[in-house]
$ cat target_31.tsv   # TSV, C-alpha atoms
chain	number	residue	atom	x	y	z
A	1	MET	CA	-51.06	-37.79	-26.30
A	2	SER	CA	-52.48	-37.52	-22.80
A	3	GLU	CA	-50.27	-36.92	-19.81
A	4	LYS	CA	-49.59	-39.67	-17.27
A	5	ILE	CA	-48.71	-37.95	-14.01
A	6	LEU	CA	-47.17	-39.48	-10.88
A	7	VAL	CA	-47.37	-37.52	-7.62
A	8	ILE	CA	-44.99	-38.87	-4.95
A	9	GLY	CA	-45.80	-37.71	-1.42
A	10	ALA	CA	-49.45	-37.13	-2.27
A	11	ASN	CA	-50.68	-37.17	1.34
A	12	GLY	CA	-48.90	-33.98	2.39
A	13	GLN	CA	-50.06	-30.39	2.63
A	14	ILE	CA	-49.16	-29.64	-1.01
A	15	GLY	CA	-49.84	-33.08	-2.46
A	16	THR	CA	-53.41	-33.32	-1.18
A	17	GLU	CA	-54.42	-30.20	-3.07
A	18	LEU	CA	-52.15	-30.69	-6.08
A	19	VAL	CA	-53.56	-34.16	-6.84
A	20	THR	CA	-57.10	-32.79	-6.79
A	21	ALA	CA	-56.15	-29.92	-9.10
A	22	LEU	CA	-54.24	-32.14	-11.54
A	23	ARG	CA	-57.07	-34.68	-11.70
A	24	GLY	CA	-59.44	-31.85	-12.53
A	25	ILE	CA	-57.22	-30.81	-15.43
A	26	HIS	CA	-55.93	-34.12	-16.81
A	27	GLY	CA	-58.60	-36.62	-15.74
A	28	ALA	CA	-58.56	-38.72	-12.58
A	29	GLU	CA	-57.29	-41.84	-14.33
A	30	ASN	CA	-54.19	-40.00	-15.57
A	31	VAL	CA	-52.96	-38.82	-12.16
A	32	ILE	CA	-51.46	-41.52	-9.94
A	33	ALA	CA	-51.19	-40.46	-6.31
A	34	SER	CA	-48.54	-42.23	-4.24
A	35	ASP	CA	-47.31	-42.09	-0.67
A	36	ILE	CA	-45.74	-44.23	2.02
A	37	ASN	CA	-48.99	-44.06	4.04
A	38	SER	CA	-52.64	-44.62	3.20
A	39	PRO	CA	-54.27	-41.54	1.69
A	40	ASN	CA	-57.34	-39.69	2.85
A	41	TYR	CA	-60.73	-40.64	1.48
A	42	ALA	CA	-60.79	-38.00	-1.25
A	43	ILE	CA	-57.41	-38.98	-2.74
A	44	ARG	CA	-58.02	-42.73	-2.59
A	45	ASN	CA	-61.52	-42.58	-4.05
A	46	SER	CA	-61.02	-40.00	-6.77
A	47	GLY	CA	-58.36	-41.86	-8.76
A	48	PRO	CA	-55.51	-44.39	-8.73
A	49	PHE	CA	-53.22	-44.72	-5.70
A	50	GLU	CA	-49.94	-46.59	-5.20
A	51	PHE	CA	-47.88	-47.12	-2.07
A	52	ALA	CA	-44.39	-45.71	-2.59
A	53	ASN	CA	-41.28	-45.23	-0.47
A	54	VAL	CA	-38.77	-42.93	-2.17
A	55	LEU	CA	-35.94	-44.63	-0.28
A	56	ASP	CA	-36.90	-48.02	-1.77
A	57	LYS	CA	-35.28	-47.83	-5.19
A	58	ASP	CA	-36.74	-51.11	-6.44
A	59	ASN	CA	-40.26	-50.11	-5.43
A	60	LEU	CA	-39.89	-46.73	-7.11
A	61	HIS	CA	-38.42	-48.30	-10.25
A	62	HIS	CA	-41.44	-50.59	-10.43
A	63	LEU	CA	-43.78	-47.57	-10.30
A	64	PHE	CA	-41.95	-45.84	-13.16
A	65	ASP	CA	-41.90	-49.04	-15.19
A	66	LYS	CA	-45.60	-49.75	-14.55
A	67	HIS	CA	-46.98	-46.29	-15.27
A	68	ARG	CA	-44.33	-44.73	-17.56
A	69	PRO	CA	-45.20	-41.22	-16.29
A	70	THR	CA	-44.74	-38.21	-18.55
A	71	GLN	CA	-44.66	-35.92	-15.49
A	72	VAL	CA	-43.51	-36.59	-11.93
A	73	TYR	CA	-44.08	-34.36	-8.91
A	74	LEU	CA	-41.72	-35.35	-6.08
A	75	LEU	CA	-43.18	-33.89	-2.88
A	76	ALA	CA	-41.94	-36.38	-0.28
A	77	ALA	CA	-39.72	-34.55	2.24
A	78	ILE	CA	-38.99	-33.96	5.90
A	79	LEU	CA	-39.56	-30.26	6.66
A	80	SER	CA	-37.54	-27.76	8.69
A	81	ALA	CA	-38.63	-28.19	12.32
A	82	VAL	CA	-38.91	-31.99	12.14
A	83	GLY	CA	-35.64	-32.13	10.21
A	84	GLU	CA	-33.76	-30.55	13.11
A	85	GLN	CA	-34.99	-33.34	15.38
A	86	LYS	CA	-33.99	-36.07	12.89
A	87	PRO	CA	-31.19	-34.50	10.82
A	88	LYS	CA	-29.68	-37.59	9.18
A	89	MET	CA	-33.08	-39.03	8.37
A	90	ALA	CA	-34.09	-35.69	6.82
A	91	TRP	CA	-30.93	-35.55	4.70
A	92	ASP	CA	-31.38	-39.15	3.54
A	93	LEU	CA	-35.03	-38.77	2.59
A	94	ASN	CA	-34.67	-35.36	0.96
A	95	MET	CA	-31.54	-36.23	-1.05
A	96	THR	CA	-31.83	-39.92	-1.85
A	97	GLY	CA	-35.44	-39.63	-2.94
A	98	LEU	CA	-34.57	-36.84	-5.37
A	99	LEU	CA	-31.61	-38.72	-6.86
A	100	HIS	CA	-33.72	-41.84	-7.36
A	101	VAL	CA	-36.34	-39.86	-9.25
A	102	LEU	CA	-33.78	-38.00	-11.36
A	103	ASP	CA	-32.08	-41.28	-12.32
A	104	PHE	CA	-35.40	-42.86	-13.31
A	105	ALA	CA	-36.34	-39.73	-15.28
A	106	VAL	CA	-33.22	-40.35	-17.37
A	107	GLU	CA	-33.91	-44.08	-17.73
A	108	PHE	CA	-37.59	-43.77	-18.61
A	109	LYS	CA	-37.28	-40.48	-20.55
A	110	THR	CA	-39.80	-38.71	-18.32
A	111	SER	CA	-40.84	-35.44	-19.98
A	112	LYS	CA	-40.98	-33.19	-16.89
A	113	ILE	CA	-40.04	-33.37	-13.21
A	114	PHE	CA	-41.26	-31.00	-10.50
A	115	TRP	CA	-39.36	-30.81	-7.23
A	116	PRO	CA	-40.11	-28.19	-4.54
A	117	SER	CA	-37.36	-26.14	-2.98
A	118	SER	CA	-37.88	-23.56	-0.23
A	119	ILE	CA	-36.89	-20.16	1.12
A	120	ALA	CA	-34.95	-22.28	3.64
A	121	VAL	CA	-32.09	-22.36	1.09
A	122	PHE	CA	-31.22	-18.83	2.24
A	123	GLY	CA	-29.30	-18.25	5.44
A	124	PRO	CA	-28.06	-15.66	7.94
A	125	HIS	CA	-25.81	-13.94	5.39
A	126	SER	CA	-28.39	-13.79	2.60
A	127	PRO	CA	-30.02	-10.38	2.05
A	128	GLN	CA	-33.08	-10.39	4.33
A	129	TYR	CA	-35.27	-7.99	2.37
A	130	ASN	CA	-36.28	-8.53	-1.26
A	131	THR	CA	-33.93	-11.51	-1.31
A	132	PRO	CA	-32.82	-11.85	-4.94
A	133	GLN	CA	-32.75	-14.97	-7.10
A	134	TYR	CA	-28.95	-15.10	-6.88
A	135	CYS	CA	-27.13	-14.17	-3.67
A	136	VAL	CA	-25.15	-15.64	-0.78
A	137	MET	CA	-26.86	-18.84	0.36
A	138	ASP	CA	-25.66	-20.30	3.65
A	139	PRO	CA	-28.57	-22.28	5.14
A	140	ASN	CA	-28.00	-23.55	8.67
A	141	THR	CA	-30.73	-26.20	8.87
A	142	VAL	CA	-30.63	-29.71	7.44
A	143	TYR	CA	-33.82	-28.94	5.51
A	144	GLY	CA	-32.22	-25.81	4.07
A	145	PHE	CA	-28.98	-27.32	2.91
A	146	SER	CA	-30.68	-30.46	1.60
A	147	LYS	CA	-32.86	-28.17	-0.53
A	148	LEU	CA	-29.84	-26.16	-1.68
A	149	ALA	CA	-27.99	-29.35	-2.62
A	150	GLY	CA	-31.14	-30.58	-4.35
A	151	GLU	CA	-31.27	-27.43	-6.46
A	152	ARG	CA	-27.73	-28.08	-7.63
A	153	TRP	CA	-28.61	-31.67	-8.53
A	154	CYS	CA	-31.67	-30.51	-10.48
A	155	GLU	CA	-29.66	-28.08	-12.56
A	156	TYR	CA	-26.89	-30.67	-13.00
A	157	TYR	CA	-29.32	-33.27	-14.40
A	158	TYR	CA	-30.80	-30.63	-16.73
A	159	VAL	CA	-27.38	-29.63	-18.09
A	160	LYS	CA	-25.80	-33.10	-18.09
A	161	TYR	CA	-28.72	-35.32	-19.12
A	162	GLY	CA	-31.36	-32.95	-20.48
A	163	VAL	CA	-33.91	-33.74	-17.77
A	164	ASP	CA	-36.60	-31.04	-17.81
A	165	VAL	CA	-36.59	-30.34	-14.07
A	166	ARG	CA	-38.64	-27.41	-12.73
A	167	SER	CA	-38.69	-26.08	-9.19
A	168	LEU	CA	-40.06	-23.34	-6.94
A	169	ARG	CA	-38.64	-21.96	-3.72
A	170	TYR	CA	-41.89	-22.02	-1.78
A	171	PRO	CA	-42.43	-19.54	1.05
A	172	GLY	CA	-44.49	-20.67	4.06
A	173	LEU	CA	-47.74	-22.22	2.86
A	174	ILE	CA	-51.20	-21.66	4.31
A	175	GLY	CA	-54.16	-23.89	3.53
A	176	TRP	CA	-57.27	-25.37	5.15
A	177	ARG	CA	-57.67	-28.70	3.36
A	178	ALA	CA	-54.76	-30.58	4.96
A	179	ASN	CA	-52.74	-30.41	8.15
A	180	PRO	CA	-49.27	-28.81	7.98
A	181	GLY	CA	-46.26	-31.09	7.93
A	182	GLY	CA	-43.83	-29.85	10.57
A	183	GLY	CA	-42.48	-26.60	9.21
A	184	THR	CA	-41.38	-23.38	10.90
A	185	THR	CA	-44.21	-21.43	9.28
A	186	ASP	CA	-46.93	-23.78	10.55
A	187	TYR	CA	-48.17	-21.24	13.08
A	188	ALA	CA	-49.96	-19.47	10.23
A	189	VAL	CA	-52.20	-22.52	9.80
A	190	HIS	CA	-52.59	-23.56	13.46
A	191	ILE	CA	-53.64	-20.05	14.47
A	192	PHE	CA	-56.86	-20.29	12.43
A	193	HIS	CA	-57.82	-23.65	13.94
A	194	GLU	CA	-57.21	-22.41	17.47
A	195	ALA	CA	-58.99	-19.10	16.86
A	196	LEU	CA	-62.14	-20.97	15.87
A	197	LYS	CA	-61.88	-23.70	18.52
A	198	LYS	CA	-60.64	-21.77	21.55
A	199	GLY	CA	-60.59	-18.08	20.67
A	200	LYS	CA	-56.90	-17.86	21.56
A	201	TYR	CA	-53.51	-19.06	20.37
A	202	GLN	CA	-49.97	-19.12	21.75
A	203	GLY	CA	-47.51	-18.61	18.92
A	204	PHE	CA	-44.02	-20.09	18.89
A	205	LEU	CA	-42.51	-17.17	16.94
A	206	SER	CA	-42.13	-13.63	18.26
A	207	ALA	CA	-44.77	-11.04	17.45
A	208	GLN	CA	-42.53	-9.19	14.97
A	209	THR	CA	-41.12	-12.16	13.03
A	210	ALA	CA	-41.85	-11.32	9.40
A	211	LEU	CA	-41.77	-14.23	6.95
A	212	PRO	CA	-42.86	-14.67	3.33
A	213	MET	CA	-46.09	-16.70	3.18
A	214	MET	CA	-48.44	-17.88	0.43
A	215	TYR	CA	-51.97	-19.21	0.27
A	216	MET	CA	-52.16	-22.77	-1.00
A	217	ASP	CA	-54.41	-21.83	-3.93
A	218	ASP	CA	-51.66	-19.51	-5.19
A	219	ALA	CA	-48.96	-22.14	-4.59
A	220	ILE	CA	-50.85	-24.81	-6.55
A	221	ARG	CA	-51.54	-22.37	-9.38
A	222	ALA	CA	-47.86	-21.34	-9.48
A	223	THR	CA	-46.78	-24.98	-9.61
A	224	ILE	CA	-49.09	-25.83	-12.50
A	225	ASN	CA	-48.27	-22.60	-14.35
A	226	LEU	CA	-44.56	-23.39	-14.12
A	227	MET	CA	-45.07	-26.94	-15.37
A	228	ASP	CA	-47.21	-25.69	-18.27
A	229	ALA	CA	-44.72	-23.00	-19.33
A	230	PRO	CA	-42.80	-23.62	-22.57
A	231	ALA	CA	-39.33	-24.95	-21.80
A	232	GLU	CA	-37.70	-22.23	-23.90
A	233	ASN	CA	-39.18	-19.55	-21.60
A	234	LEU	CA	-37.42	-20.89	-18.51
A	235	SER	CA	-34.08	-19.32	-17.63
A	236	ILE	CA	-33.67	-20.97	-14.21
A	237	ARG	CA	-33.14	-24.70	-13.70
A	238	SER	CA	-32.16	-24.61	-10.05
A	239	SER	CA	-35.35	-23.17	-8.48
A	240	TYR	CA	-37.40	-20.01	-8.97
A	241	ASN	CA	-37.91	-17.53	-6.14
A	242	LEU	CA	-41.59	-17.29	-5.20
A	243	ALA	CA	-42.47	-14.34	-3.01
A	244	GLY	CA	-45.98	-14.56	-1.62
A	245	ILE	CA	-46.68	-11.84	0.95
A	246	SER	CA	-44.73	-11.03	4.10
A	247	PHE	CA	-46.40	-10.52	7.47
A	248	THR	CA	-45.76	-11.05	11.18
A	249	PRO	CA	-47.73	-13.14	13.71
A	250	GLU	CA	-48.99	-9.90	15.20
A	251	GLN	CA	-50.28	-8.67	11.85
A	252	LEU	CA	-52.03	-11.99	11.22
A	253	ALA	CA	-53.62	-11.90	14.68
A	254	GLU	CA	-54.94	-8.38	14.01
A	255	GLU	CA	-56.48	-9.54	10.74
A	256	ILE	CA	-58.18	-12.46	12.51
A	257	LYS	CA	-59.59	-10.05	15.12
A	258	LYS	CA	-61.52	-8.32	12.34
A	259	HIS	CA	-63.54	-11.55	12.09
A	260	ILE	CA	-63.25	-12.79	15.71
A	261	PRO	CA	-63.01	-9.62	17.86
A	262	ASP	CA	-62.33	-11.47	21.13
A	263	PHE	CA	-59.43	-13.49	19.72
A	264	GLU	CA	-56.38	-13.46	22.03
A	265	MET	CA	-52.80	-13.96	20.84
A	266	SER	CA	-49.87	-14.75	23.13
A	267	TYR	CA	-46.26	-15.68	22.48
A	268	ALA	CA	-43.94	-18.36	23.86
A	269	ASP	CA	-40.83	-17.19	25.71
A	270	SER	CA	-38.51	-19.34	23.61
A	271	ASP	CA	-38.78	-21.96	20.87
A	272	PRO	CA	-36.11	-23.56	18.66
A	273	ARG	CA	-38.13	-22.62	15.58
A	274	GLN	CA	-37.44	-18.95	16.28
A	275	ALA	CA	-33.77	-19.36	15.37
A	276	ILE	CA	-34.76	-21.04	12.11
A	277	ALA	CA	-37.17	-18.21	11.25
A	278	ASP	CA	-34.56	-15.58	12.09
A	279	SER	CA	-32.19	-17.07	9.51
A	280	TRP	CA	-34.74	-16.82	6.70
A	281	PRO	CA	-35.62	-13.86	4.46
A	282	LYS	CA	-38.23	-11.31	5.49
A	283	SER	CA	-39.33	-10.77	1.89
A	284	ILE	CA	-38.51	-12.28	-1.51
A	285	ASP	CA	-37.95	-10.86	-5.00
A	286	ASP	CA	-39.64	-13.12	-7.58
A	287	THR	CA	-39.14	-10.88	-10.63
A	288	GLN	CA	-37.68	-13.78	-12.63
A	289	ALA	CA	-40.84	-15.87	-12.23
A	290	GLN	CA	-42.94	-12.89	-13.31
A	291	GLN	CA	-40.80	-12.29	-16.39
A	292	ASP	CA	-40.27	-15.89	-17.49
A	293	TRP	CA	-43.73	-17.42	-17.06
A	294	GLY	CA	-46.03	-14.57	-16.12
A	295	TRP	CA	-46.42	-15.29	-12.42
A	296	GLN	CA	-48.85	-13.04	-10.51
A	297	LEU	CA	-50.01	-13.38	-6.89
A	298	ASP	CA	-53.75	-13.39	-6.15
A	299	TYR	CA	-54.26	-13.70	-2.36
A	300	ASP	CA	-53.29	-10.89	0.05
A	301	LEU	CA	-53.49	-11.21	3.85
A	302	ALA	CA	-57.11	-10.06	4.10
A	303	LYS	CA	-58.24	-12.48	1.40
A	304	ILE	CA	-56.29	-15.38	2.94
A	305	THR	CA	-57.78	-14.74	6.38
A	306	GLY	CA	-61.34	-14.52	5.14
A	307	ASP	CA	-61.07	-17.67	3.03
A	308	MET	CA	-59.36	-19.70	5.78
A	309	LEU	CA	-62.00	-18.84	8.39
A	310	THR	CA	-64.90	-19.37	6.01
A	311	ASN	CA	-63.76	-22.84	4.99
A	312	LEU	CA	-62.51	-24.03	8.41
A	313	LYS	CA	-65.86	-23.13	10.01
A	314	LYS	CA	-67.44	-25.83	7.82
A	315	ILE	CA	-65.14	-28.61	9.04
A	316	ILE	CA	-64.22	-27.73	12.64

$ encode --input "target_31.tsv" --output "structure tokens"
Amino acid sequence: MSEKILVIGANGQIGTELVTALRGIHGAENVIASDINSPNYAIRNSGPFEFANVLDKDNLHHLFDKHRPTQVYLLAAILSAVGEQKPKMAWDLNMTGLLHVLDFAVEFKTSKIFWPSSIAVFGPHSPQYNTPQYCVMDPNTVYGFSKLAGERWCEYYYVKYGVDVRSLRYPGLIGWRANPGGGTTDYAVHIFHEALKKGKYQGFLSAQTALPMMYMDDAIRATINLMDAPAENLSIRSSYNLAGISFTPEQLAEEIKKHIPDFEMSYADSDPRQAIADSWPKSIDDTQAQQDWGWQLDYDLAKITGDMLTNLKKII
């Protein structure tokens, strides 16, 4: 039996690349992209597309009833920096959308659900280095505590109703195919665009702010690997830590200078995103993902930088 996969929030930074990857694996006709806005050319013309608003329960119910998906990837969310500007909207979208999908997964007996969490679930009192899978979690952003609450709902629906929910705590994500969506780690994408366009960039985080980051190719591969893993191998039904690599804006700028020697990096005096970054881990321990489903990272900082610049040069 072939899979029928529904990707909700397909226009975003993750969704754009995930839809392409899933269509390559399962066939374009078996992967339905959906979003509240019109998709880019590649998504619309490579397979089926549906308009979907996760807050519109009737609309979402219709999509489940029409397509009877065996897998659902719920990617629609308001991210950290934007969430602090619109906190109640962020909570509503991030929570209500998840609960709608979990309820329909029960009703329609959907085989697997993927929902992304984030390192934003950790807070000022979490261990900052090699942050373990289980520890104090006291997020102080709406995005963070909506993700933490979402993790609890995912595990609850697994235990209570047997819904096969799978999740990853993504670090900051870096990719060239789509624009970032309003997160605290977005500097690590913008910097490449500005380096190629202007030869300089003013960062909004301090030079020494270390954060866990991951190249989008690794993130997509991790997502698909987790969804393909046998259910009996999975010991975590809240969300798996995913480490990536940790680096600072200064270290990234130095790596870019190896390709663009005249590149200039400067730093803003103050930015509200700095406080968010300061509350997050500096590095993550993802031993459980390695043990349970064989996760291994591919892209280091040098490889990320080279690939980003090579591909962006073709489209800028």

$ closest_residue --input "target_31.tsv" --among "A:Pro139, A:Gly244, A:Gly294, A:Gly162" --to "A:Leu226" --atoms "all atoms listed in the file"
A:Gly294

$ residues_near_point --input "target_31.tsv" --point "(-33.2, -39.5, -13.6)" --cutoff "10 Å" --atoms "only C-alpha atoms" --output "list in words"
Leu98, Leu99, His100, Val101, Leu102, Asp103, Phe104, Ala105, Val106, Glu107, Phe108, Lys109, Thr110, Ile113, Cys154, Tyr157, Tyr158, Tyr161, Gly162, Val163 and Val165 of chain A

$ closest_residue --input "target_31.tsv" --among "A:Ile119, A:Ile32, A:Ile8, A:Ile256" --to "A:Lys66" --atoms "only C-alpha atoms"
A:Ile32

$ closest_residue --input "target_31.tsv" --among "A:Leu196, A:Ile224, A:Val72, A:Val142" --to "A:Ala33" --atoms "all atoms listed in the file"
A:Val72

$ closest_residue --input "target_31.tsv" --among "A:Asp285, A:Pro171, A:Asp292, A:Ser117" --to "A:Ala149" --atoms "all atoms listed in the file"
A:Ser117

$ residues_near_point --input "target_31.tsv" --point "(-49.8, -20.6, -0.6)" --cutoff "8 Å" --atoms "all atoms listed in the file" --output "list in words"
Pro171, Gly172, Leu173, Ile174, Gly175, Met213, Met214, Tyr215, Met216, Asp217, Asp218, Ala219, Ile220 and Gly244 of chain A

$ atom_distance --input "target_31.tsv" --atom1 "atom CA of A:Ser80" --atom2 "atom CA of A:Tyr201"
21.6 Å

$ atom_distance --input "target_31.tsv" --atom1 "atom CA of A:Val82" --atom2 "atom CA of A:Asp186"
11.6 Å

$ closest_residue --input "target_31.tsv" --among "A:Lys313, A:Ala222, A:Tyr240, A:Ile284" --to "A:His259" --atoms "all atoms listed in the file"
A:Lys313

$ residues_around --input "target_31.tsv" --residues "A:Ala253" --least-positions-apart "2" --cutoff "12 Å" --atoms "all atoms listed in the file" --output "MDAnalysis selection string"
chainID A and resid 187:192 194:195 199:203 207:208 247:251 255:267 301:302 305

$ closest_residue --input "target_31.tsv" --among "A:Leu74, A:Ala178, A:Leu168, A:Val136" --to "A:Ala243" --atoms "all atoms listed in the file"
A:Leu168

$ atom_distance --input "target_31.tsv" --atom1 "atom CA of A:Asp269" --atom2 "atom CA of A:Thr184"
16.1 Å

$ residues_around --input "target_31.tsv" --residues "A:Asn30" --least-positions-apart "2" --cutoff "10 Å" --atoms "all atoms listed in the file" --output "number ranges by chain"
A: 2-6, 22-23, 25-28, 32-33, 47-48, 67, 69

$ residues_around --input "target_31.tsv" --residues "A:Asn241" --least-positions-apart "4" --cutoff "6 Å" --atoms "only C-alpha atoms" --output "CSV table (one decimal) with C-alpha atoms, in the frame of the given file"
chain,number,residue,atom,x,y,z
A,133,GLN,CA,-32.8,-15.0,-7.1
A,169,ARG,CA,-38.6,-22.0,-3.7
A,286,ASP,CA,-39.6,-13.1,-7.6

$ axis_aligned_box --input "target_31.tsv" --around "stretch 72-80 of chain A" --padding-each-side "8 Å" --output "JSON"
{"center_x": -40.8, "center_y": -32.2, "center_z": -1.6, "size_x": 22.5, "size_y": 24.8, "size_z": 36.6}
